[in-house]
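Asker: Structure file my_file34.pdb, PDB, C-alpha atoms, is pasted below:
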```pdb
ATOM      1  CA  MET A  19      11.773  -3.110  12.468
ATOM      2  CA  ALA A  20       9.900  -1.696   9.502
ATOM      3  CA  TYR A  21       6.651   0.237   9.707
ATOM      4  CA  GLY A  22       4.404   1.945   7.242
ATOM      5  CA  ILE A  23       1.902   4.720   7.076
ATOM      6  CA  ILE A  24      -0.820   3.198   4.932
ATOM      7  CA  LEU A  25      -4.367   3.897   3.799
ATOM      8  CA  LEU A  26      -7.033   1.268   4.503
ATOM      9  CA  PRO A  27     -10.257   1.192   2.462
ATOM     10  CA  ALA A  28     -13.542   1.894   4.215
ATOM     11  CA  ASP A  29     -14.917  -1.206   2.457
ATOM     12  CA  PRO A  30     -12.217  -3.826   1.830
ATOM     13  CA  GLY A  31     -14.674  -6.420   0.449
ATOM     14  CA  PRO A  32     -14.528  -5.603  -3.279
ATOM     15  CA  LEU A  33     -10.733  -5.371  -3.200
ATOM     16  CA  THR A  34     -10.326  -8.648  -1.304
ATOM     17  CA  ARG A  35     -12.676 -10.390  -3.755
ATOM     18  CA  LEU A  36     -10.761  -9.012  -6.751
ATOM     19  CA  SER A  37      -7.526 -10.204  -5.145
ATOM     20  CA  ALA A  38      -8.938 -13.732  -4.841
ATOM     21  CA  GLU A  39      -9.941 -13.619  -8.510
ATOM     22  CA  THR A  40      -6.490 -12.486  -9.649
ATOM     23  CA  ALA A  41      -4.801 -15.064  -7.402
ATOM     24  CA  ARG A  42      -6.666 -17.797  -9.277
ATOM     25  CA  LEU A  43      -5.021 -16.684 -12.554
ATOM     26  CA  ALA A  44      -1.627 -18.163 -11.637
ATOM     27  CA  ASP A  45       0.113 -19.647  -8.614
ATOM     28  CA  PRO A  46      -0.026 -16.839  -6.008
ATOM     29  CA  ILE A  47       2.885 -15.949  -3.764
ATOM     30  CA  MET A  48       0.712 -13.406  -1.930
ATOM     31  CA  HIS A  49      -2.892 -12.243  -2.082
ATOM     32  CA  LEU A  50      -5.079 -10.156   0.195
ATOM     33  CA  GLY A  51      -6.645 -11.667   3.291
ATOM     34  CA  THR A  52      -6.570 -11.596   7.080
ATOM     35  CA  ASP A  53      -2.805 -11.048   7.376
ATOM     36  CA  ALA A  54      -2.629  -8.932   4.231
ATOM     37  CA  PRO A  55      -5.334  -6.256   4.331
ATOM     38  CA  PRO A  56      -5.849  -4.151   1.207
ATOM     39  CA  HIS A  57      -3.947  -0.888   1.519
ATOM     40  CA  VAL A  58      -2.268   1.945  -0.339
ATOM     41  CA  SER A  59       1.133   2.769   1.113
ATOM     42  CA  VAL A  60       2.052   6.352   1.937
ATOM     43  CA  VAL A  61       5.581   5.522   3.136
ATOM     44  CA  HIS A  62       7.561   2.584   4.587
ATOM     45  CA  ALA A  63      10.517   3.154   6.901
ATOM     46  CA  ASP A  64      12.987   1.035   8.824
ATOM     47  CA  VAL A  65      12.531   2.586  12.257
ATOM     48  CA  PRO A  66      12.008   1.501  15.865
ATOM     49  CA  ALA A  67       8.451   1.355  17.175
ATOM     50  CA  GLU A  68       8.920   4.618  19.115
ATOM     51  CA  THR A  69       9.948   6.505  15.976
ATOM     52  CA  ALA A  70       7.035   5.048  13.997
ATOM     53  CA  MET A  71       4.626   6.129  16.744
ATOM     54  CA  ALA A  72       6.165   9.627  16.864
ATOM     55  CA  LEU A  73       5.640   9.979  13.101
ATOM     56  CA  TRP A  74       2.059   8.753  13.476
ATOM     57  CA  THR A  75       1.391  11.249  16.287
ATOM     58  CA  GLU A  76       2.822  14.100  14.194
ATOM     59  CA  LEU A  77       0.793  13.201  11.118
ATOM     60  CA  THR A  78      -2.505  12.706  12.945
ATOM     61  CA  ALA A  79      -2.089  16.038  14.756
ATOM     62  CA  ARG A  80      -1.475  18.068  11.591
ATOM     63  CA  HIS A  81      -3.015  16.325   8.578
ATOM     64  CA  ARG A  82      -6.269  14.975   7.306
ATOM     65  CA  MET A  83      -6.165  11.211   7.786
ATOM     66  CA  ASP A  84      -9.029  10.209   5.525
ATOM     67  CA  VAL A  85      -8.504  10.369   1.797
ATOM     68  CA  ALA A  86     -10.586   9.754  -1.307
ATOM     69  CA  LEU A  87      -8.656   7.724  -3.876
ATOM     70  CA  ARG A  88      -9.455   6.845  -7.458
ATOM     71  CA  PHE A  89      -8.058   3.784  -9.197
ATOM     72  CA  THR A  90      -6.861   4.448 -12.730
ATOM     73  CA  GLY A  91      -5.866   1.033 -14.035
ATOM     74  CA  LEU A  92      -5.134  -2.627 -13.455
ATOM     75  CA  MET A  93      -1.448  -3.425 -13.890
ATOM     76  CA  PHE A  94       0.635  -6.565 -14.203
ATOM     77  CA  ALA A  95       4.408  -6.096 -14.009
ATOM     78  CA  PRO A  96       7.378  -8.446 -13.656
ATOM     79  CA  ILE A  97       9.330  -8.390 -10.395
ATOM     80  CA  ALA A  98      12.975  -9.367 -10.762
ATOM     81  CA  PRO A  99      14.524 -11.839  -8.300
ATOM     82  CA  GLY A 100      16.299  -9.978  -5.525
ATOM     83  CA  ASP A 101      13.518  -7.423  -5.047
ATOM     84  CA  PRO A 102      13.413  -6.353  -1.369
ATOM     85  CA  TYR A 103       9.668  -7.048  -1.132
ATOM     86  CA  VAL A 104       9.517 -10.206  -3.294
ATOM     87  CA  PRO A 105      13.003 -11.779  -3.077
ATOM     88  CA  GLU A 106      12.146 -14.738  -5.308
ATOM     89  CA  GLY A 107      10.671 -12.490  -8.002
ATOM     90  CA  GLY A 108       7.264 -12.899  -9.592
ATOM     91  CA  VAL A 109       4.525 -10.872 -11.215
ATOM     92  CA  TYR A 110       2.875  -7.892  -9.512
ATOM     93  CA  CYS A 111      -0.879  -7.500  -9.980
ATOM     94  CA  GLY A 112      -2.393  -4.324  -8.639
ATOM     95  CA  LEU A 113      -4.530  -1.253  -9.020
ATOM     96  CA  GLU A 114      -2.787   2.005  -9.811
ATOM     97  CA  CYS A 115      -4.030   5.159  -8.035
ATOM     98  CA  ALA A 116      -4.295   8.751  -9.161
ATOM     99  CA  ARG A 117      -1.813  11.015  -7.382
ATOM    100  CA  SER A 118      -4.351  13.238  -5.602
ATOM    101  CA  ALA A 119      -3.355  16.422  -3.797
ATOM    102  CA  ALA A 120      -4.409  14.987  -0.414
ATOM    103  CA  LEU A 121      -2.404  11.796  -0.952
ATOM    104  CA  LEU A 122       0.687  13.698  -2.105
ATOM    105  CA  GLU A 123       0.425  16.084   0.841
ATOM    106  CA  LEU A 124       0.337  13.192   3.319
ATOM    107  CA  HIS A 125       3.215  11.437   1.537
ATOM    108  CA  GLU A 126       5.339  14.595   1.507
ATOM    109  CA  ALA A 127       4.641  15.291   5.196
ATOM    110  CA  ALA A 128       5.693  11.744   6.176
ATOM    111  CA  ARG A 129       8.753  11.883   3.903
ATOM    112  CA  SER A 130       9.868  15.266   5.264
ATOM    113  CA  TRP A 131       9.462  14.089   8.852
ATOM    114  CA  LEU A 132      11.467  10.908   8.182
ATOM    115  CA  ASP A 133      14.174  12.915   6.381
ATOM    116  CA  ALA A 134      14.452  15.272   9.373
ATOM    117  CA  ALA A 135      14.674  12.258  11.715
ATOM    118  CA  GLN A 136      17.312  10.698   9.410
ATOM    119  CA  ALA A 137      15.179   7.564   9.283
ATOM    120  CA  PRO A 138      15.787   5.271   6.304
ATOM    121  CA  MET A 139      12.801   5.016   3.982
ATOM    122  CA  LEU A 140      12.218   1.677   2.282
ATOM    123  CA  SER A 141       9.591   2.685  -0.265
ATOM    124  CA  PRO A 142      10.084   4.932  -3.289
ATOM    125  CA  SER A 143       9.343   8.525  -2.393
ATOM    126  CA  GLY A 144       9.095  11.994  -3.823
ATOM    127  CA  ALA A 145       8.950  11.945  -7.635
ATOM    128  CA  ARG A 146       9.315   8.128  -7.568
ATOM    129  CA  PHE A 147       6.235   7.691  -5.327
ATOM    130  CA  ARG A 148       3.766   5.465  -7.199
ATOM    131  CA  PRO A 149       0.525   5.025  -5.265
ATOM    132  CA  HIS A 150      -0.984   1.597  -5.841
ATOM    133  CA  LEU A 151      -2.843  -1.225  -4.166
ATOM    134  CA  THR A 152      -1.247  -4.647  -4.581
ATOM    135  CA  LEU A 153      -3.920  -7.253  -5.200
ATOM    136  CA  SER A 154      -1.590 -10.231  -5.501
ATOM    137  CA  VAL A 155       1.886 -11.364  -6.397
ATOM    138  CA  LEU A 156       1.937 -14.323  -8.770
ATOM    139  CA  ARG A 157       4.717 -16.784  -9.567
ATOM    140  CA  ALA A 158       4.131 -16.382 -13.305
ATOM    141  CA  ALA A 159       2.233 -14.187 -15.729
ATOM    142  CA  PRO A 160      -1.453 -15.057 -15.856
ATOM    143  CA  SER A 161      -2.882 -17.049 -18.690
ATOM    144  CA  GLY A 162      -6.540 -16.754 -19.429
ATOM    145  CA  VAL A 163      -9.143 -14.090 -18.936
ATOM    146  CA  VAL A 164      -8.256 -11.344 -16.477
ATOM    147  CA  PRO A 165     -11.224 -10.028 -14.466
ATOM    148  CA  LEU A 166     -11.631  -6.302 -14.966
ATOM    149  CA  PRO A 167     -12.535  -4.360 -11.827
ATOM    150  CA  GLY A 168     -15.123  -2.179 -13.587
ATOM    151  CA  PRO A 169     -16.981  -0.902 -10.508
ATOM    152  CA  LEU A 170     -13.684   0.094  -8.880
ATOM    153  CA  PHE A 171     -12.808   2.561 -11.660
ATOM    154  CA  GLY A 172     -14.226   6.019 -12.177
ATOM    155  CA  ALA A 173     -15.432   6.582  -8.633
ATOM    156  CA  ASP A 174     -13.626   7.710  -5.512
ATOM    157  CA  MET A 175     -13.162   5.225  -2.669
ATOM    158  CA  ARG A 176     -12.763   6.348   0.935
ATOM    159  CA  PHE A 177      -9.590   5.367   2.788
ATOM    160  CA  ARG A 178      -8.385   6.122   6.316
ATOM    161  CA  ALA A 179      -4.805   6.260   7.490
ATOM    162  CA  ALA A 180      -3.209   3.613   9.670
ATOM    163  CA  LEU A 181       0.180   2.733  11.088
ATOM    164  CA  GLY A 182       1.211  -0.854  10.547
ATOM    165  CA  ARG A 183       4.140  -3.207  10.986
ATOM    166  CA  LEU A 184       5.547  -4.198   7.612
ATOM    167  CA  GLY A 185       5.341  -7.922   6.936
ATOM    168  CA  PRO A 186       6.360 -10.227   4.105
ATOM    169  CA  TYR A 187       5.657  -9.133   0.512
ATOM    170  CA  GLY A 188       4.763  -5.594   1.552
ATOM    171  CA  THR A 189       1.806  -6.736   3.651
ATOM    172  CA  PHE A 190       0.700  -5.319   6.994
ATOM    173  CA  PRO A 191      -0.263  -8.263   9.231
ATOM    174  CA  GLU A 192      -0.293  -6.002  12.301
ATOM    175  CA  ILE A 193      -2.124  -2.671  12.327
ATOM    176  CA  VAL A 194      -0.795  -0.643  15.253
ATOM    177  CA  ALA A 195      -3.051   2.435  15.045
ATOM    178  CA  THR A 196      -5.854   3.758  12.853
ATOM    179  CA  ALA A 197      -7.258   7.247  12.364
TER     180      ALA A 197
END
```
Rewrite the structure of this file - the entire thing - as structure tokens.
Answerer:
Amino acid sequence: MAYGIILLPADPGPLTRLSAETARLADPIMHLGTDAPPHVSVVHADVPAETAMALWTELTARHRMDVALRFTGLMFAPIAPGDPYVPEGGVYCGLECARSAALLELHEAARSWLDAAQAPMLSPSGARFRPHLTLSVLRAAPSGVVPLPGPLFGADMRFRAALGRLGPYGTFPEIVATA
């Protein structure tokens, strides 16, 4: 079973609304909603529930579990067929995040713990760690005007850590624990 340490926004409303707007640009494979809450992933790992809970317990005991994040850009990128998160391929639409010290510290702590436990990580880590918030996955590149998330740029947003079960398309339909 796969789990993730993720960061959930204090106010998901603006992100969910922007996801709905981007999903209207082209046929969506995935967009944010009830079974796909907005989140920024810290790490994903293929581990049993007990191991995921042990990692969560370790992190919450030793690290700050609320983080301020700043979005730096809106990105569209092709996803090749065969991708582990989007097997059929498509177009990623998401917000890129600044690599803050607090975020990198939490990522490194989770990564180190999983390395020590010899638990296989599913998400890119270390130097390849790219913090982002997926708004939607589209079947094709959008045509037409892309809504710019002006109010989401230039200001920090509060996020709190959570442990979730990894679902289809990198979503987290089941949140197991929150800070």
Asker: Please return as a PDB file with C-alpha atoms, keeping the file's coordinate frame every residue within 9 Å of (-4.9, -12.3, -15.9), taking into account all atoms listed in the file and the file's own coordinates.
Answerer:
```
ATOM      1  CA  THR A  40      -6.490 -12.486  -9.649  1.00  0.00           C
ATOM      2  CA  ALA A  41      -4.801 -15.064  -7.402  1.00  0.00           C
ATOM      3  CA  ARG A  42      -6.666 -17.797  -9.277  1.00  0.00           C
ATOM      4  CA  LEU A  43      -5.021 -16.684 -12.554  1.00  0.00           C
ATOM      5  CA  ALA A  44      -1.627 -18.163 -11.637  1.00  0.00           C
ATOM      6  CA  PHE A  94       0.635  -6.565 -14.203  1.00  0.00           C
ATOM      7  CA  CYS A 111      -0.879  -7.500  -9.980  1.00  0.00           C
ATOM      8  CA  ALA A 159       2.233 -14.187 -15.729  1.00  0.00           C
ATOM      9  CA  PRO A 160      -1.453 -15.057 -15.856  1.00  0.00           C
ATOM     10  CA  SER A 161      -2.882 -17.049 -18.690  1.00  0.00           C
ATOM     11  CA  GLY A 162      -6.540 -16.754 -19.429  1.00  0.00           C
ATOM     12  CA  VAL A 163      -9.143 -14.090 -18.936  1.00  0.00           C
ATOM     13  CA  VAL A 164      -8.256 -11.344 -16.477  1.00  0.00           C
ATOM     14  CA  PRO A 165     -11.224 -10.028 -14.466  1.00  0.00           C
TER      15      PRO A 165
END
```
Asker: Go through the shown structure with the PyMOL selection byres ((chain A and resi 143-157) around 6) and write out the matching residues as a list of chain:residue names.
Answerer: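 With the shown file as input, the PyMOL selection byres ((chain A and resi 143-157) around 6) matches A:Ser37, A:Ala44, A:Asp45, A:Pro46, A:Ile47, A:Met48, A:His49, A:His57, A:Val58, A:Gly108, A:Val109, A:Tyr110, A:Cys111, A:Gly112, A:Leu113, A:Glu114, A:Cys115, A:Pro142, A:Ala158.
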Asker: For Ser141 in chain A, which residue among A:Leu26, A:Leu170, A:Ala20, A:Met71 is the nearest when counting only C-alpha atoms?
Answerer: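 Residue with the minimum atom-to-atom distance to Ser141 in chain A: A:Ala20.
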Asker: Which of these residues is nearest to Ala179 in chain A, using all atoms listed in the file: A:Asp53, A:Asp84, A:Asp29, A:Glu126?
Answerer: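 Of the candidates, the smallest distance to Ala179 in chain A is held by A:Asp84.
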Asker: For a quick check of understanding, using all atoms listed in the file, which of A:Arg183, A:Arg178, A:His125, A:Arg117 has the smallest distance to Leu25 in chain A?
Answerer: A:Arg178
Asker: With a distance cut-off of 12 Å and all atoms listed in the file, select the neighbouring residues of Leu77 in chain A, excluding the residue or stretch itself and same-chain residues fewer than 2 positions from it, and output the selection as number ranges by chain.
Answerer: A: 23-24, 60, 70-75, 79-84, 123-132, 179-181, 196-197
Asker: At what distance in Å, to one decimal, does CA of Gly185 in chain A lie from CA of Thr34 in chain A?
Answerer: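 About the pair CA of Thr34 in chain A and CA of Gly185 in chain A: they are 17.7 Å apart.
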Asker: Could you give me, as a JSON list (two decimals) with C-alpha atoms, in the coordinates of the input, the residues within 7 Å of Ala116 in chain A, counting all atoms listed in the file and dropping anything in the same chain fewer than 4 positions from it?
Answerer:
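Saved file selection_5.json follows:
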```
[["chain", "number", "residue", "atom", "x", "y", "z"],
["A", 87, "LEU", "CA", -8.66, 7.72, -3.88],
["A", 88, "ARG", "CA", -9.46, 6.84, -7.46],
["A", 89, "PHE", "CA", -8.06, 3.78, -9.20],
["A", 90, "THR", "CA", -6.86, 4.45, -12.73]]
```
Asker: Quick one: which residues end up in the PyMOL selection byres ((chain A and resi 138) around 6) for this structure, as a list in words?
Answerer: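 After applying the PyMOL selection byres ((chain A and resi 138) around 6), what remains is Ala63, Asp64, Ala137 and Met139 of chain A.
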Asker: Is it possible to get the axis-aligned box enclosing range 125-142 of chain A (all listed atoms, 6 Å extra per side) as JSON, with centre and edge lengths in Å rounded to one decimal?
Answerer:
```
{"center_x": 10.3, "center_y": 8.5, "center_z": 4.2, "size_x": 26.1, "size_y": 25.6, "size_z": 27.0}
```
